[in-house]
Number of protein chains: 2
Amino acid sequence: MALMTENSPPRVLIVDDDADIRNGLAEVFARAGFDAAAAADVAAMERRLDSHGADLIVLDLMMPGEDGLSACKRLSGRGAPPIIMLSALGDDADRIVGLEIGADDYLAKPCNPRELVARARAVLRRARDTENAPKGEALRFAGFRLDIARRELHDPDGVVIPLSGGEFRLLRAFVEHPQRVLTREQLLDYAFNNDSEVFDRAVDVQVSRVRRKLERRGAPDIIRTIRGEGYIFDAKPSP
Amino acid sequence: MALMTENSPPRVLIVDDDADIRNGLAEVFARAGFDAAAAADVAAMERRLDSHGADLIVLDLMMPGEDGLSACKRLSGRGAPPIIMLSALGDDADRIVGLEIGADDYLAKPCNPRELVARARAVLRRARDTENAPKGEALRFAGFRLDIARRELHDPDGVVIPLSGGEFRLLRAFVEHPQRVLTREQLLDYAFNNDSEVFDRAVDVQVSRVRRKLERRGAPDIIRTIRGEGYIFDAKPSP
DNA sequence: GTCAACGCTGAAACAATGCTGAAACGCCGA
DNA sequence: TCGGCGTTTCAGCATTGTTTCAGCGTTGAC
């Protein structure tokens, strides 16, 4: 599968012969934060896939030229991104129901744009979940263990240290970027909602909160201050 | 039971009178790494079972000739592989549940192919885990037993705790994804009808309903809140 | 080298934001 | 009509960004 690039907007490819629908859906997805592209028929879709790839295809069922259905069957073999089929209302949705082969989801047109986007996100999430499923992620440092799936910190004795959401994100940012100076600005990027302007000093406060919890378990000086620069996470990643 | 050969693809046998669905599902399973075969009716299924065996049967409920239901009842007695029943659109899965047929899981058509494959894997996993145990696979946690086939929850004393359909689906989602934070969005995916837009908060309410029933049987804190993130099912799977 | 002013940081207190649980309501299908 | 279920409302409160202040390292002048 064309792997979705981490931390970049998911690329959706809309395939429909009706220009109004095509562009409308593209705009809907674009506004929802997707990287949206459009193709008027199956041939154009294939070209686009070859040249740019995609993380998700929204495919109209009925189209002149090669049918969406046959394209779906063919695509869904290997390596293709997940597919959401759109069927025009009035086409017996029931029949399509039986034919849902290969598609990851389907909707009847006209469909609510928000619902389409929601389903798209769901399909992408599921695809990603199955990719990352076997990953029992845990980051270790100085005897501690940061359990990503549970968002918990365990001290060397295995005792759980409660972390708030912000504390967890900050500590995670540190653990994932160890042994290097991180400016407050970088830490804001990594660990704070960057949807609004937040003062640098908020970082100081969170750092001190995390420090206190680490120190209390006998691990002082793991987060060192670099005066005028920022902070550095100074712990050896444990095995 | 026709034992599953170790380290070879699991053999699934799809039984449906509709050729499109039959072949489509076969392709879905094949793509998912199964060794898929298909049969158009119960008689063909029996022949296939005798000649090749299978590790899992996906059986349509409504079929001409012998009904899937009766075939399921008959099969589930002895040595037969686990069965996933598919009920056509409109049939209510919850109603089927009450019937004492031997299926291991139920899905309502139309179903998401990924969902079906996931359920198939889950059934096979359970079957393997309890290979030597009497039939009646169930998910166990903290002394409780969640019977997938009967959609019932039994407390440590064996008493049945009534669950509504939504409560069952939510609890099942939790039990199948333990020890990790599940966002409300994920839980909506797993446990709610994704036919329309449902607000996040519906999850909270269902969670509180399930919590109340668990707590009343002396199991508090099994579903923990992760503020700002979601919920985590924090129970050790029991033997 | 000494000293003082300055700026940076840590700690604590504070307040606003928004998340969550509980209860109640209403809709809808059986 | 009733149970199930999604929505709404509201109160409580954890979280978190801001503020204030003191300590101290840094820096520049003398």
# chains A, B, ... in the order shown; residues from 1 in each chain; ligands from 1
$ interface_residues --of "chain D" --to "chain B" --cutoff "12 Å" --atoms "only C-alpha atoms (C1' of nucleotides)" --output "PDB file with N, CA and C atoms (P, O5', C5', C4', C3', O3' and C1' of nucleotides), in the first residue's frame"
ATOM      1  P    DG D   3     -40.081  -1.077  30.448  1.00  0.00           P
ATOM      2  O5'  DG D   3     -38.751  -1.345  29.627  1.00  0.00           O
ATOM      3  C5'  DG D   3     -38.617  -2.550  28.884  1.00  0.00           C
ATOM      4  C4'  DG D   3     -37.662  -2.333  27.743  1.00  0.00           C
ATOM      5  C3'  DG D   3     -36.270  -1.854  28.170  1.00  0.00           C
ATOM      6  O3'  DG D   3     -35.293  -2.570  27.449  1.00  0.00           O
ATOM      7  C1'  DG D   3     -37.217  -0.317  26.615  1.00  0.00           C
ATOM      8  P    DG D   4     -33.754  -2.407  27.808  1.00  0.00           P
ATOM      9  O5'  DG D   4     -33.211  -1.618  26.549  1.00  0.00           O
ATOM     10  C5'  DG D   4     -33.462  -2.140  25.240  1.00  0.00           C
ATOM     11  C4'  DG D   4     -33.027  -1.124  24.221  1.00  0.00           C
ATOM     12  C3'  DG D   4     -31.629  -0.542  24.435  1.00  0.00           C
ATOM     13  O3'  DG D   4     -30.963  -0.479  23.191  1.00  0.00           O
ATOM     14  C1'  DG D   4     -33.194   1.209  24.288  1.00  0.00           C
ATOM     15  P    DC D   5     -29.421  -0.263  23.110  1.00  0.00           P
ATOM     16  O5'  DC D   5     -29.315   1.247  22.651  1.00  0.00           O
ATOM     17  C5'  DC D   5     -30.036   1.669  21.503  1.00  0.00           C
ATOM     18  C4'  DC D   5     -30.019   3.166  21.406  1.00  0.00           C
ATOM     19  C3'  DC D   5     -28.682   3.824  21.787  1.00  0.00           C
ATOM     20  O3'  DC D   5     -28.354   4.784  20.812  1.00  0.00           O
ATOM     21  C1'  DC D   5     -30.448   4.868  22.911  1.00  0.00           C
ATOM     22  P    DG D   6     -26.842   5.061  20.494  1.00  0.00           P
ATOM     23  O5'  DG D   6     -26.888   6.588  20.087  1.00  0.00           O
ATOM     24  C5'  DG D   6     -27.817   6.985  19.083  1.00  0.00           C
ATOM     25  C4'  DG D   6     -28.330   8.375  19.383  1.00  0.00           C
ATOM     26  C3'  DG D   6     -27.246   9.413  19.678  1.00  0.00           C
ATOM     27  O3'  DG D   6     -27.487  10.571  18.916  1.00  0.00           O
ATOM     28  C1'  DG D   6     -28.832   9.384  21.437  1.00  0.00           C
ATOM     29  P    DT D   7     -26.498  11.780  18.972  1.00  0.00           P
ATOM     30  O5'  DT D   7     -27.269  12.804  19.921  1.00  0.00           O
ATOM     31  C5'  DT D   7     -28.602  13.175  19.593  1.00  0.00           C
ATOM     32  C4'  DT D   7     -29.171  14.078  20.673  1.00  0.00           C
ATOM     33  C3'  DT D   7     -28.274  15.265  21.043  1.00  0.00           C
ATOM     34  O3'  DT D   7     -28.980  16.467  20.795  1.00  0.00           O
ATOM     35  C1'  DT D   7     -29.063  14.141  22.988  1.00  0.00           C
ATOM     36  P    DT D   8     -28.215  17.835  20.909  1.00  0.00           P
ATOM     37  O5'  DT D   8     -28.631  18.308  22.374  1.00  0.00           O
ATOM     38  C5'  DT D   8     -29.999  18.270  22.755  1.00  0.00           C
ATOM     39  C4'  DT D   8     -30.122  18.593  24.237  1.00  0.00           C
ATOM     40  C3'  DT D   8     -29.233  19.750  24.706  1.00  0.00           C
ATOM     41  O3'  DT D   8     -30.063  20.750  25.285  1.00  0.00           O
ATOM     42  C1'  DT D   8     -29.058  17.888  26.174  1.00  0.00           C
ATOM     43  P    DC D  13     -15.974  18.544  43.209  1.00  0.00           P
ATOM     44  O5'  DC D  13     -14.745  18.374  42.224  1.00  0.00           O
ATOM     45  C5'  DC D  13     -14.837  17.415  41.171  1.00  0.00           C
ATOM     46  C4'  DC D  13     -13.822  17.725  40.108  1.00  0.00           C
ATOM     47  C3'  DC D  13     -12.529  18.363  40.639  1.00  0.00           C
ATOM     48  O3'  DC D  13     -11.432  17.736  40.013  1.00  0.00           O
ATOM     49  C1'  DC D  13     -13.360  19.628  38.872  1.00  0.00           C
ATOM     50  P    DA D  14     -10.282  17.116  40.940  1.00  0.00           P
ATOM     51  O5'  DA D  14      -9.222  16.581  39.859  1.00  0.00           O
ATOM     52  C5'  DA D  14      -9.667  15.695  38.850  1.00  0.00           C
ATOM     53  C4'  DA D  14      -9.138  16.132  37.504  1.00  0.00           C
ATOM     54  C3'  DA D  14      -7.641  16.435  37.481  1.00  0.00           C
ATOM     55  O3'  DA D  14      -7.078  15.827  36.330  1.00  0.00           O
ATOM     56  C1'  DA D  14      -8.861  18.320  36.677  1.00  0.00           C
ATOM     57  P    DT D  15      -5.508  15.873  36.126  1.00  0.00           P
ATOM     58  O5'  DT D  15      -5.367  17.010  35.034  1.00  0.00           O
ATOM     59  C5'  DT D  15      -6.278  17.007  33.938  1.00  0.00           C
ATOM     60  C4'  DT D  15      -6.118  18.270  33.130  1.00  0.00           C
ATOM     61  C3'  DT D  15      -4.673  18.723  32.899  1.00  0.00           C
ATOM     62  O3'  DT D  15      -4.500  18.934  31.515  1.00  0.00           O
ATOM     63  C1'  DT D  15      -5.990  20.521  33.681  1.00  0.00           C
TER      64       DT D  15
END
$ interface_residues --of "chain B" --to "chain A" --cutoff "9 Å" --atoms "only C-alpha atoms" --output "PyMOL selection string"
chain B and resi 18+20-21+23-25+27-28+31+89+109-114+179-182+185-186+189+194-197+226-229+232
$ write_last_selection --atoms "C-alpha atoms" --output "PDB file, in the first residue's frame"
ATOM      1  CA  ASP B  18     -25.568 -15.132  -4.425  1.00  0.00           C
ATOM      2  CA  ASP B  20     -21.512 -11.990  -6.501  1.00  0.00           C
ATOM      3  CA  ILE B  21     -21.375 -12.000  -2.754  1.00  0.00           C
ATOM      4  CA  ASN B  23     -17.016 -14.582  -5.032  1.00  0.00           C
ATOM      5  CA  GLY B  24     -16.587 -11.141  -3.602  1.00  0.00           C
ATOM      6  CA  LEU B  25     -16.168 -12.421  -0.113  1.00  0.00           C
ATOM      7  CA  GLU B  27     -11.692 -12.484  -2.881  1.00  0.00           C
ATOM      8  CA  VAL B  28     -11.769 -10.391   0.243  1.00  0.00           C
ATOM      9  CA  ARG B  31      -6.603 -10.850  -0.205  1.00  0.00           C
ATOM     10  CA  LEU B  89     -30.201  -6.682   5.562  1.00  0.00           C
ATOM     11  CA  LYS B 109     -25.171  -7.679   5.846  1.00  0.00           C
ATOM     12  CA  PRO B 110     -24.063  -5.449   4.369  1.00  0.00           C
ATOM     13  CA  CYS B 111     -20.931  -5.657   6.364  1.00  0.00           C
ATOM     14  CA  ASN B 112     -17.622  -3.987   6.036  1.00  0.00           C
ATOM     15  CA  PRO B 113     -15.161  -6.481   4.563  1.00  0.00           C
ATOM     16  CA  ARG B 114     -12.453  -5.440   6.965  1.00  0.00           C
ATOM     17  CA  GLN B 179      -4.955  -2.263  27.595  1.00  0.00           C
ATOM     18  CA  ARG B 180      -4.860   0.614  25.205  1.00  0.00           C
ATOM     19  CA  VAL B 181      -6.495   3.969  25.002  1.00  0.00           C
ATOM     20  CA  LEU B 182      -9.482   3.991  22.684  1.00  0.00           C
ATOM     21  CA  GLU B 185     -14.063   8.055  17.586  1.00  0.00           C
ATOM     22  CA  GLN B 186     -12.603   4.578  17.598  1.00  0.00           C
ATOM     23  CA  ASP B 189     -16.324   2.795  14.822  1.00  0.00           C
ATOM     24  CA  ASN B 194     -21.850   4.113  11.655  1.00  0.00           C
ATOM     25  CA  ASP B 195     -24.850   4.835   9.507  1.00  0.00           C
ATOM     26  CA  SER B 196     -25.060   8.396  10.605  1.00  0.00           C
ATOM     27  CA  GLU B 197     -23.320  11.052  12.524  1.00  0.00           C
ATOM     28  CA  ILE B 226      -8.233   9.038  30.128  1.00  0.00           C
ATOM     29  CA  ARG B 227      -9.066  12.660  30.249  1.00  0.00           C
ATOM     30  CA  GLY B 228      -8.864  14.359  26.899  1.00  0.00           C
ATOM     31  CA  GLU B 229      -8.142  11.088  25.143  1.00  0.00           C
ATOM     32  CA  ILE B 232      -9.109   2.284  28.364  1.00  0.00           C
TER      33      ILE B 232
END
$ calpha_fit_rmsd --fixed "chain A" --moving "chain B"
12.3 Å
$ atom_distance --atom1 "CA of Ile84 in chain A" --atom2 "CA of Ala54 in chain A"
12.8 Å
$ closest_atom_pairs --of "chain C" --to "chain B" --cutoff "9 Å" --atoms "only C-alpha atoms (C1' of nucleotides)" --output "CSV"
residue,atom,partner,partner_atom,distance
C:DC19,C1',B:Gly228,CA,6.8
C:DT20,C1',B:Arg227,CA,7.9
C:DG21,C1',B:Ser208,CA,7.7
C:DA22,C1',B:Ser208,CA,8.9
$ write_last_selection --atoms "C-alpha atoms (C1' of nucleotides)" --output "short mmCIF file (atom, residue, chain, number, x, y, z; two decimals), in the first residue's frame"
data_model
loop_
_atom_site.label_atom_id
_atom_site.label_comp_id
_atom_site.auth_asym_id
_atom_site.auth_seq_id
_atom_site.Cartn_x
_atom_site.Cartn_y
_atom_site.Cartn_z
"C1'" DC C 19 -13.85 17.84 29.87
"C1'" DT C 20 -16.56 14.42 32.22
"C1'" DG C 21 -20.31 12.07 34.77
"C1'" DA C 22 -24.93 12.06 36.10
#
$ select_by_dssp --residues "range 29-238 of chain B" --states "helix (DSSP H, G or I)" --output "PyMOL selection string"
chain B and resi 29-31+42-52+68-75+93-98+113-129+165-176+184-191+201-216
$ write_last_selection --atoms "C-alpha atoms" --output "PDB file, in the first residue's frame"
ATOM      1  CA  PHE B  29     -10.582 -13.302   2.319  1.00  0.00           C
ATOM      2  CA  ALA B  30      -8.007 -14.353  -0.230  1.00  0.00           C
ATOM      3  CA  ARG B  31      -6.603 -10.850  -0.205  1.00  0.00           C
ATOM      4  CA  VAL B  42     -25.434 -26.350   1.966  1.00  0.00           C
ATOM      5  CA  ALA B  43     -24.998 -29.517  -0.034  1.00  0.00           C
ATOM      6  CA  ALA B  44     -21.950 -28.131  -1.785  1.00  0.00           C
ATOM      7  CA  MET B  45     -20.635 -26.976   1.560  1.00  0.00           C
ATOM      8  CA  GLU B  46     -20.895 -30.477   2.988  1.00  0.00           C
ATOM      9  CA  ARG B  47     -19.069 -31.966   0.025  1.00  0.00           C
ATOM     10  CA  ARG B  48     -16.345 -29.389   0.337  1.00  0.00           C
ATOM     11  CA  LEU B  49     -16.027 -30.050   4.048  1.00  0.00           C
ATOM     12  CA  ASP B  50     -15.716 -33.758   3.506  1.00  0.00           C
ATOM     13  CA  SER B  51     -13.142 -33.437   0.776  1.00  0.00           C
ATOM     14  CA  HIS B  52     -11.016 -30.507   1.927  1.00  0.00           C
ATOM     15  CA  GLY B  68     -28.155 -21.675   6.735  1.00  0.00           C
ATOM     16  CA  LEU B  69     -29.803 -21.702  10.099  1.00  0.00           C
ATOM     17  CA  SER B  70     -30.606 -25.357  10.129  1.00  0.00           C
ATOM     18  CA  ALA B  71     -27.224 -26.212   8.652  1.00  0.00           C
ATOM     19  CA  CYS B  72     -25.608 -24.231  11.431  1.00  0.00           C
ATOM     20  CA  LYS B  73     -27.539 -26.022  14.118  1.00  0.00           C
ATOM     21  CA  ARG B  74     -26.658 -29.353  12.657  1.00  0.00           C
ATOM     22  CA  LEU B  75     -22.997 -28.592  12.116  1.00  0.00           C
ATOM     23  CA  ALA B  93     -29.026  -9.795  14.345  1.00  0.00           C
ATOM     24  CA  ASP B  94     -30.254  -9.350  17.872  1.00  0.00           C
ATOM     25  CA  ARG B  95     -33.255 -11.467  17.150  1.00  0.00           C
ATOM     26  CA  ILE B  96     -31.152 -14.283  15.806  1.00  0.00           C
ATOM     27  CA  VAL B  97     -29.113 -14.182  18.935  1.00  0.00           C
ATOM     28  CA  GLY B  98     -31.948 -15.516  20.938  1.00  0.00           C
ATOM     29  CA  PRO B 113     -15.161  -6.481   4.563  1.00  0.00           C
ATOM     30  CA  ARG B 114     -12.453  -5.440   6.965  1.00  0.00           C
ATOM     31  CA  GLU B 115     -14.862  -5.960   9.800  1.00  0.00           C
ATOM     32  CA  LEU B 116     -15.717  -9.427   8.569  1.00  0.00           C
ATOM     33  CA  VAL B 117     -12.064 -10.383   8.253  1.00  0.00           C
ATOM     34  CA  ALA B 118     -11.350  -9.013  11.686  1.00  0.00           C
ATOM     35  CA  ARG B 119     -14.212 -11.031  13.136  1.00  0.00           C
ATOM     36  CA  ALA B 120     -12.958 -14.119  11.322  1.00  0.00           C
ATOM     37  CA  ARG B 121      -9.509 -13.695  12.821  1.00  0.00           C
ATOM     38  CA  ALA B 122     -11.008 -13.165  16.249  1.00  0.00           C
ATOM     39  CA  VAL B 123     -13.089 -16.308  15.992  1.00  0.00           C
ATOM     40  CA  LEU B 124     -10.111 -18.335  14.851  1.00  0.00           C
ATOM     41  CA  ARG B 125      -7.997 -16.953  17.649  1.00  0.00           C
ATOM     42  CA  ARG B 126     -10.599 -17.817  20.216  1.00  0.00           C
ATOM     43  CA  ALA B 127     -11.027 -21.259  18.728  1.00  0.00           C
ATOM     44  CA  ARG B 128      -7.318 -21.877  18.943  1.00  0.00           C
ATOM     45  CA  ASP B 129      -7.080 -20.577  22.475  1.00  0.00           C
ATOM     46  CA  GLY B 165     -27.375  -4.482  22.167  1.00  0.00           C
ATOM     47  CA  GLY B 166     -25.411  -1.287  22.377  1.00  0.00           C
ATOM     48  CA  GLU B 167     -23.913  -2.182  25.716  1.00  0.00           C
ATOM     49  CA  PHE B 168     -22.808  -5.525  24.370  1.00  0.00           C
ATOM     50  CA  ARG B 169     -21.148  -4.017  21.334  1.00  0.00           C
ATOM     51  CA  LEU B 170     -19.334  -1.468  23.440  1.00  0.00           C
ATOM     52  CA  LEU B 171     -18.116  -3.996  25.950  1.00  0.00           C
ATOM     53  CA  ARG B 172     -17.039  -6.274  23.159  1.00  0.00           C
ATOM     54  CA  ALA B 173     -15.059  -3.489  21.550  1.00  0.00           C
ATOM     55  CA  PHE B 174     -13.321  -2.907  24.854  1.00  0.00           C
ATOM     56  CA  VAL B 175     -12.587  -6.555  25.519  1.00  0.00           C
ATOM     57  CA  GLU B 176     -11.179  -7.035  22.039  1.00  0.00           C
ATOM     58  CA  ARG B 184     -14.389   8.056  21.339  1.00  0.00           C
ATOM     59  CA  GLU B 185     -14.063   8.055  17.586  1.00  0.00           C
ATOM     60  CA  GLN B 186     -12.603   4.578  17.598  1.00  0.00           C
ATOM     61  CA  LEU B 187     -15.300   3.341  19.894  1.00  0.00           C
ATOM     62  CA  LEU B 188     -17.917   4.814  17.588  1.00  0.00           C
ATOM     63  CA  ASP B 189     -16.324   2.795  14.822  1.00  0.00           C
ATOM     64  CA  TYR B 190     -16.247  -0.408  16.735  1.00  0.00           C
ATOM     65  CA  ALA B 191     -19.465  -0.350  18.606  1.00  0.00           C
ATOM     66  CA  ARG B 201     -21.011  12.096  23.983  1.00  0.00           C
ATOM     67  CA  ALA B 202     -23.143   9.092  23.171  1.00  0.00           C
ATOM     68  CA  VAL B 203     -20.062   7.059  23.975  1.00  0.00           C
ATOM     69  CA  ASP B 204     -19.845   8.580  27.426  1.00  0.00           C
ATOM     70  CA  VAL B 205     -23.385   7.619  28.195  1.00  0.00           C
ATOM     71  CA  GLN B 206     -22.982   4.035  27.062  1.00  0.00           C
ATOM     72  CA  VAL B 207     -19.735   3.769  28.942  1.00  0.00           C
ATOM     73  CA  SER B 208     -21.417   4.919  32.103  1.00  0.00           C
ATOM     74  CA  ARG B 209     -24.208   2.403  31.579  1.00  0.00           C
ATOM     75  CA  VAL B 210     -21.788  -0.468  31.152  1.00  0.00           C
ATOM     76  CA  ARG B 211     -19.730   0.772  34.072  1.00  0.00           C
ATOM     77  CA  ARG B 212     -22.722   0.760  36.324  1.00  0.00           C
ATOM     78  CA  LYS B 213     -23.468  -2.853  35.529  1.00  0.00           C
ATOM     79  CA  LEU B 214     -19.883  -3.932  36.074  1.00  0.00           C
ATOM     80  CA  GLU B 215     -19.538  -1.994  39.301  1.00  0.00           C
ATOM     81  CA  ARG B 216     -22.709  -3.456  40.649  1.00  0.00           C
TER      82      ARG B 216
END
$ atom_distance --atom1 "CA of Pro156 in chain A" --atom2 "CA of Phe144 in chain A"
5.1 Å
